[in-house]
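Data from run.cif: mmCIF, C-alpha atoms
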```cif
data_entry
loop_
_atom_site.group_PDB
_atom_site.id
_atom_site.type_symbol
_atom_site.label_atom_id
_atom_site.label_comp_id
_atom_site.auth_asym_id
_atom_site.auth_seq_id
_atom_site.Cartn_x
_atom_site.Cartn_y
_atom_site.Cartn_z
ATOM 1 C CA MET U 2 12.469 32.797 4.666
ATOM 2 C CA LYS U 3 8.918 32.165 5.757
ATOM 3 C CA THR U 4 7.657 28.818 6.985
ATOM 4 C CA GLN U 5 4.311 27.257 7.684
ATOM 5 C CA GLU U 6 3.210 24.010 9.256
ATOM 6 C CA ARG U 7 -0.323 22.811 8.786
ATOM 7 C CA PRO U 8 -2.188 19.674 9.866
ATOM 8 C CA SER U 9 -1.740 16.602 7.677
ATOM 9 C CA ASP U 10 -5.487 16.105 7.035
ATOM 10 C CA ASP U 11 -5.276 16.712 3.267
ATOM 11 C CA ASP U 12 -2.293 14.378 2.907
ATOM 12 C CA GLU U 13 -4.003 11.682 4.961
ATOM 13 C CA ARG U 14 -7.083 11.770 2.740
ATOM 14 C CA ALA U 15 -5.072 11.770 -0.490
ATOM 15 C CA MET U 16 -2.739 8.976 0.637
ATOM 16 C CA ALA U 17 -5.737 6.858 1.651
ATOM 17 C CA ASP U 18 -7.341 7.486 -1.750
ATOM 18 C CA LEU U 19 -4.179 6.403 -3.558
ATOM 19 C CA ALA U 20 -3.801 3.317 -1.357
ATOM 20 C CA GLU U 21 -7.271 2.099 -2.366
ATOM 21 C CA VAL U 22 -6.404 1.708 -6.063
ATOM 22 C CA ALA U 23 -5.623 -1.996 -6.434
ATOM 23 C CA ASP U 24 -4.265 -2.091 -10.000
ATOM 24 C CA TRP U 25 -2.863 1.052 -11.573
ATOM 25 C CA ARG U 26 -2.368 -0.566 -14.991
ATOM 26 C CA ARG U 27 -6.054 0.057 -15.700
ATOM 27 C CA LEU U 28 -5.528 3.851 -15.482
ATOM 28 C CA TRP U 29 -2.653 4.363 -17.883
ATOM 29 C CA GLY U 30 -3.020 5.033 -21.570
ATOM 30 C CA PRO U 31 -1.263 6.521 -24.568
ATOM 31 C CA PRO U 32 -0.067 10.121 -24.406
ATOM 32 C CA ALA U 33 -2.509 12.078 -26.524
ATOM 33 C CA THR U 34 -4.274 15.435 -26.533
ATOM 34 C CA GLY U 35 -7.735 16.513 -27.494
ATOM 35 C CA THR U 36 -11.334 15.826 -26.646
ATOM 36 C CA ASP U 37 -11.343 12.106 -27.415
ATOM 37 C CA ALA U 38 -8.108 11.498 -25.500
ATOM 38 C CA ILE U 39 -9.380 13.340 -22.407
ATOM 39 C CA ARG U 40 -12.690 11.473 -22.499
ATOM 40 C CA ALA U 41 -10.854 8.148 -22.784
ATOM 41 C CA LEU U 42 -8.572 9.124 -19.889
ATOM 42 C CA VAL U 43 -11.525 10.118 -17.694
ATOM 43 C CA ASP U 44 -13.422 6.943 -18.615
ATOM 44 C CA ARG U 45 -10.431 4.712 -17.751
ATOM 45 C CA VAL U 46 -9.756 6.391 -14.420
ATOM 46 C CA THR U 47 -13.424 6.574 -13.404
ATOM 47 C CA ALA U 48 -13.941 2.887 -14.221
ATOM 48 C CA ALA U 49 -10.834 1.845 -12.260
ATOM 49 C CA THR U 50 -11.265 4.117 -9.220
ATOM 50 C CA GLY U 51 -14.794 5.477 -8.952
ATOM 51 C CA TRP U 52 -13.379 9.023 -8.948
ATOM 52 C CA ARG U 53 -15.556 11.592 -10.720
ATOM 53 C CA PRO U 54 -14.573 14.409 -13.111
ATOM 54 C CA TRP U 55 -14.103 17.637 -11.176
ATOM 55 C CA ALA U 56 -15.565 19.955 -13.751
ATOM 56 C CA PRO U 57 -17.829 19.451 -16.713
ATOM 57 C CA GLY U 58 -17.447 21.684 -19.716
ATOM 58 C CA ASN U 59 -15.506 22.197 -22.854
ATOM 59 C CA ILE U 60 -12.253 20.314 -23.245
ATOM 60 C CA ASP U 61 -9.291 22.267 -24.537
ATOM 61 C CA PRO U 62 -8.080 20.388 -27.662
ATOM 62 C CA ASP U 63 -4.446 20.907 -26.571
ATOM 63 C CA ARG U 64 -5.021 19.426 -23.136
ATOM 64 C CA TYR U 65 -3.799 15.982 -22.025
ATOM 65 C CA THR U 66 -4.683 16.105 -18.300
ATOM 66 C CA TRP U 67 -7.886 16.261 -16.323
ATOM 67 C CA GLY U 68 -8.871 16.633 -12.680
ATOM 68 C CA LEU U 69 -10.915 13.998 -10.893
ATOM 69 C CA VAL U 70 -12.364 14.078 -7.371
ATOM 70 C CA THR U 71 -12.201 11.138 -4.978
ATOM 71 C CA PRO U 72 -14.941 10.179 -2.504
ATOM 72 C CA ARG U 73 -12.859 11.950 0.186
ATOM 73 C CA GLU U 74 -12.970 15.132 -1.935
ATOM 74 C CA THR U 75 -9.302 14.998 -2.941
ATOM 75 C CA VAL U 76 -8.655 16.502 -6.367
ATOM 76 C CA MET U 77 -6.281 14.358 -8.408
ATOM 77 C CA LEU U 78 -4.635 15.717 -11.547
ATOM 78 C CA VAL U 79 -4.527 12.736 -13.903
ATOM 79 C CA LEU U 80 -2.128 12.372 -16.830
ATOM 80 C CA PRO U 81 -1.821 9.389 -19.187
ATOM 81 C CA ASP U 82 1.108 8.097 -17.067
ATOM 82 C CA ALA U 83 0.886 9.855 -13.677
ATOM 83 C CA VAL U 84 -1.440 11.017 -10.908
ATOM 84 C CA LEU U 85 -0.631 14.157 -8.925
ATOM 85 C CA PRO U 86 -2.716 14.844 -5.794
ATOM 86 C CA GLU U 87 -3.698 18.452 -5.204
ATOM 87 C CA SER U 88 -3.058 18.659 -1.446
ATOM 88 C CA PRO U 89 -1.002 21.809 -1.032
ATOM 89 C CA ARG U 90 -2.277 22.725 2.419
ATOM 90 C CA SER U 91 -0.661 19.983 4.511
ATOM 91 C CA GLY U 92 2.568 19.660 6.434
ATOM 92 C CA TRP U 93 5.652 21.829 6.719
ATOM 93 C CA SER U 94 6.879 24.111 3.966
ATOM 94 C CA ALA U 95 9.097 27.128 3.432
ATOM 95 C CA TYR U 96 8.873 29.882 0.850
ATOM 96 C CA GLU U 97 10.553 33.135 -0.115
ATOM 97 C CA ILE U 98 13.851 31.402 0.600
ATOM 98 C CA GLY U 99 16.827 33.655 -0.007
ATOM 99 C CA PRO U 100 20.130 32.223 -1.279
ATOM 100 C CA SER U 101 21.722 32.473 2.197
ATOM 101 C CA GLU U 102 18.691 30.747 3.766
ATOM 102 C CA ARG U 103 18.902 27.503 1.754
ATOM 103 C CA PRO U 104 20.747 25.682 4.563
ATOM 104 C CA GLN U 105 17.910 26.583 6.967
ATOM 105 C CA ALA U 106 15.319 25.316 4.487
ATOM 106 C CA GLU U 107 17.268 22.086 4.010
ATOM 107 C CA GLU U 108 17.448 21.670 7.794
ATOM 108 C CA GLY U 109 13.670 22.127 7.994
ATOM 109 C CA LEU U 110 13.182 19.435 5.351
ATOM 110 C CA ASP U 111 15.564 17.110 7.201
ATOM 111 C CA ASP U 112 13.776 17.710 10.514
ATOM 112 C CA HIS U 113 10.292 17.037 9.081
ATOM 113 C CA TRP U 114 11.164 14.162 6.699
ATOM 114 C CA PRO U 115 10.761 11.384 9.327
ATOM 115 C CA GLU U 116 7.171 12.390 10.105
ATOM 116 C CA GLN U 117 6.274 12.614 6.401
ATOM 117 C CA LEU U 118 7.784 9.194 5.812
ATOM 118 C CA GLU U 119 5.919 7.703 8.784
ATOM 119 C CA LEU U 120 2.637 9.164 7.522
ATOM 120 C CA ALA U 121 3.139 7.552 4.105
ATOM 121 C CA ARG U 122 4.081 4.222 5.723
ATOM 122 C CA ARG U 123 0.765 4.227 7.601
ATOM 123 C CA PHE U 124 -1.092 4.123 4.293
ATOM 124 C CA TRP U 125 1.334 2.424 1.904
ATOM 125 C CA GLY U 126 3.386 0.094 4.103
ATOM 126 C CA PRO U 127 7.169 -0.247 3.907
ATOM 127 C CA PRO U 128 8.875 1.437 0.948
ATOM 128 C CA VAL U 129 11.285 -0.364 -1.364
ATOM 129 C CA TYR U 130 13.664 2.614 -1.374
ATOM 130 C CA VAL U 131 14.391 5.377 1.126
ATOM 131 C CA GLY U 132 17.370 7.611 0.588
ATOM 132 C CA PRO U 133 18.793 10.812 -0.812
ATOM 133 C CA GLY U 134 17.525 12.260 -4.056
ATOM 134 C CA ASP U 135 20.974 12.236 -5.602
ATOM 135 C CA ASP U 136 21.561 8.471 -5.332
ATOM 136 C CA VAL U 137 23.071 7.001 -8.520
ATOM 137 C CA ARG U 138 20.201 4.456 -8.710
ATOM 138 C CA ILE U 139 17.788 7.293 -9.419
ATOM 139 C CA PRO U 140 17.301 8.025 -13.125
ATOM 140 C CA PRO U 141 19.415 10.994 -14.242
ATOM 141 C CA GLU U 142 16.378 13.114 -15.151
ATOM 142 C CA TRP U 143 15.224 12.975 -11.490
ATOM 143 C CA ARG U 144 18.584 12.896 -9.715
ATOM 144 C CA GLY U 145 19.315 15.966 -7.621
ATOM 145 C CA ARG U 146 15.777 17.358 -7.838
ATOM 146 C CA ARG U 147 14.761 15.776 -4.522
ATOM 147 C CA ARG U 148 16.479 16.112 -1.160
ATOM 148 C CA HIS U 149 14.820 12.957 0.188
ATOM 149 C CA LEU U 150 12.975 10.228 -1.706
ATOM 150 C CA ALA U 151 10.968 7.140 -0.785
ATOM 151 C CA VAL U 152 9.467 4.752 -3.354
ATOM 152 C CA TRP U 153 6.687 2.162 -3.058
ATOM 153 C CA LEU U 154 5.737 -0.324 -5.786
ATOM 154 C CA ARG U 155 2.156 -1.230 -6.675
ATOM 155 C CA PRO U 156 0.820 -3.201 -9.646
ATOM 156 C CA GLY U 157 1.592 -0.907 -12.591
ATOM 157 C CA ALA U 158 2.819 2.025 -10.504
ATOM 158 C CA GLU U 159 5.494 3.621 -8.361
ATOM 159 C CA PHE U 160 4.501 5.908 -5.495
ATOM 160 C CA HIS U 161 7.090 8.612 -4.811
ATOM 161 C CA LEU U 162 7.197 10.608 -1.584
ATOM 162 C CA TYR U 163 9.794 13.346 -1.691
ATOM 163 C CA ALA U 164 11.225 16.470 -0.157
ATOM 164 C CA SER U 165 12.010 19.129 -2.719
ATOM 165 C CA GLN U 166 15.554 20.399 -3.148
ATOM 166 C CA PRO U 167 15.596 24.194 -2.851
ATOM 167 C CA GLY U 168 17.937 25.713 -5.379
ATOM 168 C CA ALA U 169 18.738 28.736 -7.480
ATOM 169 C CA ASP U 170 15.572 28.388 -9.562
ATOM 170 C CA ASP U 171 13.257 27.437 -6.702
ATOM 171 C CA ASN U 172 12.753 29.527 -3.583
ATOM 172 C CA THR U 173 10.321 27.064 -1.978
ATOM 173 C CA ALA U 174 10.750 23.848 -0.019
ATOM 174 C CA GLY U 175 8.277 21.214 1.062
ATOM 175 C CA PHE U 176 6.996 17.687 0.618
ATOM 176 C CA GLY U 177 5.016 16.039 -2.143
ATOM 177 C CA TYR U 178 3.997 12.703 -3.539
ATOM 178 C CA SER U 179 2.962 11.401 -6.923
ATOM 179 C CA VAL U 180 2.091 8.142 -8.653
ATOM 180 C CA TYR U 181 3.882 7.196 -11.872
ATOM 181 C CA ALA U 182 3.180 4.450 -14.388
ATOM 182 C CA SER U 183 5.743 1.692 -14.055
ATOM 183 C CA GLU U 184 6.513 -1.365 -16.129
ATOM 184 C CA VAL U 185 8.678 -2.687 -13.304
ATOM 185 C CA ALA U 186 5.945 -2.779 -10.672
#
```
If you took the structure in this file and wrote it as structure tokens, what would it be?
Amino acid sequence: MKTQERPSDDDERAMADLAEVADWRRLWGPPATGTDAIRALVDRVTAATGWRPWAPGNIDPDRYTWGLVTPRETVMLVLPDAVLPESPRSGWSAYEIGPSERPQAEEGLDDHWPEQLELARRFWGPPVYVGPGDDVRIPPEWRGRRRHLAVWLRPGAEFHLYASQPGADDNTAGFGYSVYASEVA
């Protein structure tokens, strides 16, 4: 197993960018593909956030996502019902994890989870949920995919901070965060 630990600069910028969006309901739209759908998605997100499209050019007619860039230069992958920050260079991670090394990777996630959680709290405040990723309150399609999970509610959205769960199909471990459309929030 190989590990790396990098400064949290990218995460800090991305978390600040996400924290500045006051009402996420303005971003979400119907799931659709094609040129018109992508343009509508970009127009909604740009109007609500001030983020700019990352690349001009031809739109793949089968595409339903697009990248936008924040004023802090964070690239956000935007879907009709989610936003995924592209900040892969921050924090602790492990890769090339062998089957016998999974316990070490899980220990690394456990050791670094408190600092990831504290970083997110600095930008997003107190979460409404902090716990294991296999809690029965987590929807079945997500349960067991995360070792640790914290959730924040915003108007129209849920912020999820998580530690991945290394397994047979995944020989990597690390931390991530995403924003999902929510009718509850």
> Around (-0.7, -0.8, 0.7) in the file's frame, which residues reach within 8 Å when counting only C-alpha atoms? Return as a ChimeraX atom specification?
Replying inline: /U:20-21,124-126,155
Can I get the residues of region 108-130 of chain U within 12 Å of region 168-183 of chain U, each with the closest pair of atoms and their distance in Å to one decimal, using all atoms listed in the file, sorted chain first then ascending number, as a Markdown table?
```
| residue | atom | partner | partner_atom | distance |
| --- | --- | --- | --- | --- |
| U:Glu108 | CA | U:Ala174 | CA | 10.5 |
| U:Gly109 | CA | U:Ala174 | CA | 8.7 |
| U:Leu110 | CA | U:Gly175 | CA | 6.8 |
| U:Asp111 | CA | U:Gly175 | CA | 10.4 |
| U:Asp112 | CA | U:Gly175 | CA | 11.5 |
| U:His113 | CA | U:Phe176 | CA | 9.1 |
| U:Trp114 | CA | U:Phe176 | CA | 8.2 |
| U:Pro115 | CA | U:Phe176 | CA | 11.4 |
| U:Glu116 | CA | U:Phe176 | CA | 10.9 |
| U:Gln117 | CA | U:Phe176 | CA | 7.7 |
| U:Leu118 | CA | U:Phe176 | CA | 10.0 |
| U:Leu120 | CA | U:Tyr178 | CA | 11.7 |
| U:Ala121 | CA | U:Tyr178 | CA | 9.3 |
| U:Trp125 | CA | U:Tyr178 | CA | 11.9 |
```
> So which residues get picked by the PyMOL selection byres ((chain U and resi 15) around 12) here, written as a VMD selection string?
Replying inline: chain U and resid 9 to 14 16 to 22 70 to 78 84 to 91 120 to 121 124 to 125 177 to 180
>> Expand the PyMOL selection byres ((chain U and resi 46-50) around 9) into the explicit residue set it covers here, and present it as a VMD selection string.
In response: chain U and resid 21 to 25 27 to 29 41 to 45 51 to 54 69 71 79
>> If we count all atoms listed in the file and set the cut-off at 8 Å, which residues sit around region 133-147 of chain U, ignoring sequence neighbours fewer than 6 positions away in its own chain? Please answer as a PyMOL selection string.
In response: chain U and resi 163-166
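When CA of Ala95 (chain U) is paired with CA of Pro127 (chain U), their separation reads 27.4 Å.
What separates CA of Ser94 (chain U) from CA of Leu162 (chain U) is a distance of 14.6 Å.
Taking CA of Pro32 (chain U) and CA of Thr66 (chain U) as the two end points, the separation is 9.7 Å.
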